[in-house]
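Taking it in order: structure first as structure tokens, then the write-up.
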Amino acid sequence: VLLACLQCFDIAPFFRAAGRLLILAAVAVPALACAATQFEESEGFISGSSTLSGWSGTFLVTDGDAHSGTQSLDVSTEATTEGAESAPILFLDFWVKSAADASENPDALIDFGGASLAFLKEGDSGTFHAFDARGDGSSVPVETDIPLDTSGVSAVWTHITIRRDVGAGTWDLYVNGKPVACGLGLETPASGDPKAHFTAGESGVFVDDFVITATNPLFMDRDNDGIPDAYEVANGMNPRMDDRLGDADLDDVTNIQEFLQSKGVAFTPPGGSGILGVVYVDKTLGNDSNTGSYSYPVEGDGPKATIAEAMKVGHEGGKVAVIEGEYDEGEIVFSGKPFDLVTVGQVKF
Ligand SMILES: [Ca+2]
Ligand SMILES: [Ca+2]
Ligand SMILES: [Ca+2]
Ligand SMILES: [Ca+2]
């Protein structure tokens, strides 16, 4: 399974930016689901072919339009993926160019085990609608003003990412990499079915750069709670635990809602340990030459490897956050500095 997934990363360049962390995460998630394709000839997809391994339905591999390379999947009626492994939290990530549905009660453009999305014509532009199975199950507009061409087909490719959590019965939607809806209800009973189902509008649907994966394809998200590691660190959240429903700053707004309201805006990671007063220690992934400002390895920096070294650079009144693992450093000398020692996950001293 792991090997297959490393191949997935290999054929999906948009993964490469975060590849290092994704591979680490892949090691930690044994039941990894995985299916990635750009529909290119180099992957064995021949233009004009209507049968694909891992897909069923009515479609063609086409060289008529593409987001990546020269080919994509042209869904003329419907298409369903098969065969990926299941996991409680799965991400579906793809680029789409679709005809806008004129109906007021649209069919779902995509249904991913109860997480579904439609694309509706509204005036001269298109709007994505997300179905929230809580309440009356109707759809809510989540992304508007997608330009349409004269035939009512989206004039641009749109990047859709769905995070589906079967355990929680919820799903999140990211459009063009930004969070636009979080905690929508899955249809019940929520199914762990890893299949994705596309239904074409009047003029079909182009799909490209398609992947189903158990690791977050958009950003480093070690705990898979849908919030970037770096955002969590910058905002006092726990990057090693699903705390999306927690409230790090005690303002009665949940962490995931704060992330949503921020539109996932760029943040400045703490330069040194001063801003949050947290120094991270990770025996497995850390290195004592790092500053300890990050909970995860980043280019040229990351967590400390030993508590002793973290103590040296920590600020008085700050925190030393020890990330899961077994630490056998003998007696830890606090050298007179008052610290909060917090542990993340299973820590053994
Ligand atoms: Ca392609
Ligand atoms: Ca996270
Ligand atoms: Ca978290
Ligand atoms: Ca809050």
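To be explicit about the labels: the chains of the structure tokens are called A, B, and onward in the order shown, and within each one the residues are counted from 1, while ligands get numbers from 1 in the order they are shown.
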- [ ] Mind the document's chain letters and residue numbers, and return as a ChimeraX atom specification the residues of segment 202-263 of chain A that DSSP labels alpha helix (DSSP H).
- [x] /A:229-234,255-261
Next, the residues of the selection above should be written as a tab-separated table (two decimals), in the first residue's frame with N, CA and C atoms.
chain	number	residue	atom	x	y	z
A	229	ASP	N	-0.72	22.42	9.86
A	229	ASP	CA	0.20	22.39	11.00
A	229	ASP	C	0.64	23.80	11.37
A	230	ALA	N	1.09	24.54	10.35
A	230	ALA	CA	1.68	25.85	10.61
A	230	ALA	C	0.65	26.84	11.16
A	231	TYR	N	-0.58	26.76	10.64
A	231	TYR	CA	-1.64	27.63	11.17
A	231	TYR	C	-1.92	27.27	12.62
A	232	GLU	N	-1.91	25.97	12.91
A	232	GLU	CA	-2.18	25.52	14.28
A	232	GLU	C	-1.12	26.06	15.24
A	233	VAL	N	0.15	25.92	14.81
A	233	VAL	CA	1.23	26.40	15.66
A	233	VAL	C	1.11	27.90	15.89
A	234	ALA	N	0.78	28.63	14.81
A	234	ALA	CA	0.72	30.09	14.92
A	234	ALA	C	-0.47	30.56	15.76
A	255	ASN	N	-12.01	26.17	16.69
A	255	ASN	CA	-10.78	26.31	15.91
A	255	ASN	C	-11.05	26.21	14.41
A	256	ILE	N	-11.89	25.25	14.02
A	256	ILE	CA	-12.12	25.06	12.58
A	256	ILE	C	-12.89	26.25	12.01
A	257	GLN	N	-13.80	26.81	12.79
A	257	GLN	CA	-14.53	27.99	12.30
A	257	GLN	C	-13.59	29.19	12.18
A	258	GLU	N	-12.65	29.31	13.09
A	258	GLU	CA	-11.68	30.40	12.98
A	258	GLU	C	-10.84	30.26	11.73
A	259	PHE	N	-10.43	29.01	11.46
A	259	PHE	CA	-9.64	28.77	10.25
A	259	PHE	C	-10.46	29.09	9.02
A	260	LEU	N	-11.72	28.69	9.03
A	260	LEU	CA	-12.62	28.98	7.91
A	260	LEU	C	-12.78	30.48	7.71
A	261	GLN	N	-13.00	31.20	8.81
A	261	GLN	CA	-13.20	32.65	8.71
A	261	GLN	C	-11.94	33.36	8.24
Task: Contact residues around Thr199 of chain A with only C-alpha atoms at 10 Å, ignoring same-chain residues under 4 positions, as a ChimeraX atom specification - done: /A:57-58,75-80,98,107-111,118,204-205
Open item on the list: ligand 2: which residues are within 7 Å, counting only C-alpha atoms and all ligand atoms? Reply as JSON, numbers by chain.
Closed with: {"A": [221, 222, 223, 224, 225, 226, 227, 228, 229, 232, 239, 240, 242]}
Task: Expected answer as a ChimeraX atom specification: residues within 6 Å of ligand 4, only C-alpha atoms and all ligand atoms - done: /A:247-255
File dump, residues just selected, C-alpha atoms, as a PDB file, in the first residue's frame:
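The result, stored in result38.pdb:
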ATOM      1  CA  ASP A 247     -11.324  26.653  21.223  1.00  0.00           C
ATOM      2  CA  ALA A 248      -7.678  27.602  21.675  1.00  0.00           C
ATOM      3  CA  ASP A 249      -8.331  31.290  22.394  1.00  0.00           C
ATOM      4  CA  LEU A 250     -11.516  30.744  24.449  1.00  0.00           C
ATOM      5  CA  ASP A 251     -13.681  33.108  22.399  1.00  0.00           C
ATOM      6  CA  ASP A 252     -16.503  30.564  21.868  1.00  0.00           C
ATOM      7  CA  VAL A 253     -15.578  30.183  18.213  1.00  0.00           C
ATOM      8  CA  THR A 254     -14.240  26.719  17.374  1.00  0.00           C
ATOM      9  CA  ASN A 255     -10.780  26.312  15.911  1.00  0.00           C
TER      10      ASN A 255
END
- [ ] Go through A:Glu143, A:Asp282, A:Asp243, A:Glu324 one by one, measure the shortest atom-to-atom distance of each to ligand 3 using only C-alpha atoms and all ligand atoms, and give the residue with the smallest value.
- [x]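 Looking only at the distances to ligand 3, the closest residue turns out to be A:Asp243.
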I'd like the neighbourhood of Gly330 of chain A as a compact mmCIF listing (two decimals) with N, CA, C and O atoms, in the first residue's frame, where a residue qualifies if any of its atoms comes within 12 Å (using only C-alpha atoms), though same-chain residues fewer than 4 positions away should be ignored.
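Written output follows (out_16.txt):
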# COMPACT_ATOMS: atom_id res chain seq x y z
N THR A 306 15.73 17.09 21.92
CA THR A 306 15.80 16.78 23.35
C THR A 306 15.18 17.89 24.19
O THR A 306 15.23 19.08 23.83
N ILE A 307 14.58 17.46 25.30
CA ILE A 307 13.96 18.42 26.21
C ILE A 307 15.02 19.36 26.80
O ILE A 307 14.78 20.56 26.96
N ALA A 308 16.19 18.81 27.05
CA ALA A 308 17.27 19.62 27.65
C ALA A 308 17.60 20.82 26.77
O ALA A 308 17.74 21.96 27.26
N GLU A 326 9.36 8.32 23.44
CA GLU A 326 9.96 7.94 24.71
C GLU A 326 11.24 8.74 24.90
O GLU A 326 12.14 8.71 24.06
N LYS A 348 6.56 9.35 27.13
CA LYS A 348 7.11 8.59 28.26
C LYS A 348 8.46 9.18 28.60
O LYS A 348 9.30 9.38 27.72
N PHE A 349 8.64 9.50 29.90
CA PHE A 349 9.93 10.06 30.32
C PHE A 349 10.80 8.98 30.93
O PHE A 349 10.30 8.06 31.54
Open item on the list: Based on the backbone DSSP call, show me all residues of segment 200-321 of chain A assigned strand (DSSP E), as a ChimeraX atom specification.
Closed with: /A:205-213,278-282,319-321
File dump, residues just selected, C-alpha atoms, as a PDB file, in the first residue's frame:
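The resulting file, part17.pdb, is shown below:
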ATOM      1  CA  VAL A 205     -17.695  17.579 -17.184  1.00  0.00           C
ATOM      2  CA  PHE A 206     -13.944  17.674 -17.616  1.00  0.00           C
ATOM      3  CA  VAL A 207     -11.976  16.212 -14.704  1.00  0.00           C
ATOM      4  CA  ASP A 208      -8.200  16.305 -14.295  1.00  0.00           C
ATOM      5  CA  ASP A 209      -5.502  15.806 -11.648  1.00  0.00           C
ATOM      6  CA  PHE A 210      -7.632  13.448  -9.646  1.00  0.00           C
ATOM      7  CA  VAL A 211      -6.624  11.849  -6.359  1.00  0.00           C
ATOM      8  CA  ILE A 212      -8.244  10.121  -3.395  1.00  0.00           C
ATOM      9  CA  THR A 213      -5.875  10.026  -0.464  1.00  0.00           C
ATOM     10  CA  VAL A 278       6.382  27.494  22.690  1.00  0.00           C
ATOM     11  CA  VAL A 279       9.435  25.400  21.958  1.00  0.00           C
ATOM     12  CA  TYR A 280       8.692  22.066  20.329  1.00  0.00           C
ATOM     13  CA  VAL A 281      10.534  18.835  21.035  1.00  0.00           C
ATOM     14  CA  ASP A 282      10.162  15.763  18.885  1.00  0.00           C
ATOM     15  CA  LYS A 319       5.926  26.360  27.161  1.00  0.00           C
ATOM     16  CA  VAL A 320       7.969  23.396  26.127  1.00  0.00           C
ATOM     17  CA  ALA A 321       5.743  21.103  24.090  1.00  0.00           C
TER      18      ALA A 321
END
TODO: Could you give me, as a PyMOL selection string, every polymer residue with an atom at most 6 Å away from an atom of ligand 1, counting only C-alpha atoms and all ligand atoms?
DONE: chain A and resi 38-40+66-72+208
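One distance worth recording is that between atom CA of Val344 of chain A and atom CA of Met241 of chain A, which is 7.6 Å.
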Open item on the list: Would you compute the distance between atom CA of Ile323 of chain A and atom CA of Tyr296 of chain A? Give it in Å to one decimal.
Closed with: 9.8 Å
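For the atom pair formed by atom CA of Lys283 of chain A and atom CA of Asp328 of chain A, the distance is 10.0 Å, given to one decimal.
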Open item on the list: Restricting the calculation to only C-alpha atoms and all ligand atoms: of A:Ser49, A:Ser42, A:Asn235, A:Ser138, which residue gets closest to ligand 3?
Closed with: A:Asn235
- [ ] Please provide as a ChimeraX atom specification all residues within 7 Å of Ser47 of chain A, with the sequence filter that same-chain residues fewer than 5 positions apart are discarded (counting only C-alpha atoms).
- [x] /A:61-63
Open item on the list: Please determine, counting only C-alpha atoms and all ligand atoms, which residue among A:Pro194, A:Gly169, A:Gly236, A:Gly152 has the shortest atom-to-atom distance to ligand 3.
Closed with: A:Gly236
As a compact mmCIF listing (two decimals) with N, CA, C and O atoms, in the first residue's frame, please: the residues near Thr170 of chain A (cut-off 7 Å, only C-alpha atoms, same-chain neighbours under 5 positions excluded).
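So result-v1.txt came out as:
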# COMPACT_ATOMS: atom_id res chain seq x y z
N ARG A 164 -13.54 14.34 3.90
CA ARG A 164 -14.71 13.62 4.41
C ARG A 164 -14.32 12.83 5.65
O ARG A 164 -13.39 12.03 5.62
N ASP A 165 -15.05 13.07 6.74
CA ASP A 165 -14.78 12.38 8.00
C ASP A 165 -16.00 11.54 8.35
O ASP A 165 -17.01 12.05 8.85
N GLY A 183 -17.48 21.35 8.26
CA GLY A 183 -18.44 20.74 9.16
C GLY A 183 -19.82 20.55 8.55
O GLY A 183 -20.81 20.48 9.27
N LEU A 184 -19.91 20.49 7.21
CA LEU A 184 -21.19 20.17 6.58
C LEU A 184 -21.56 18.73 6.93
O LEU A 184 -20.68 17.89 7.13
N GLY A 185 -22.87 18.44 6.99
CA GLY A 185 -23.29 17.08 7.33
C GLY A 185 -23.16 16.14 6.14
O GLY A 185 -23.47 16.50 5.02
N LEU A 186 -22.70 14.92 6.42
CA LEU A 186 -22.73 13.86 5.42
C LEU A 186 -24.13 13.27 5.40
O LEU A 186 -24.81 13.23 6.43
TODO: Can you pull out every residue within 9 Å of Asn290 of chain A, counting only C-alpha atoms, but drop anything in the same chain fewer than 3 positions away, and send it as a list of chain:residue names?
DONE: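 Final neighbour list, sorted by chain and number: A:Gly286, A:Asn287, A:Ser293, A:Tyr294, A:Pro297, A:Gly300, A:Asp301, A:Gly302, A:Pro303, A:Lys304, A:Ala305.
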Task: segment 81-92 of chain A environment, 7 Å, only C-alpha atoms, sequence neighbours closer than 3 positions dropped, as a count of residues only - done: 27
Open item on the list: I'd like to know which of A:Leu245, A:Tyr327, A:Leu52, A:Ala133 is closest to ligand 3, using only C-alpha atoms and all ligand atoms.
Closed with: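 So, comparing all the options, the nearest one is A:Leu245.
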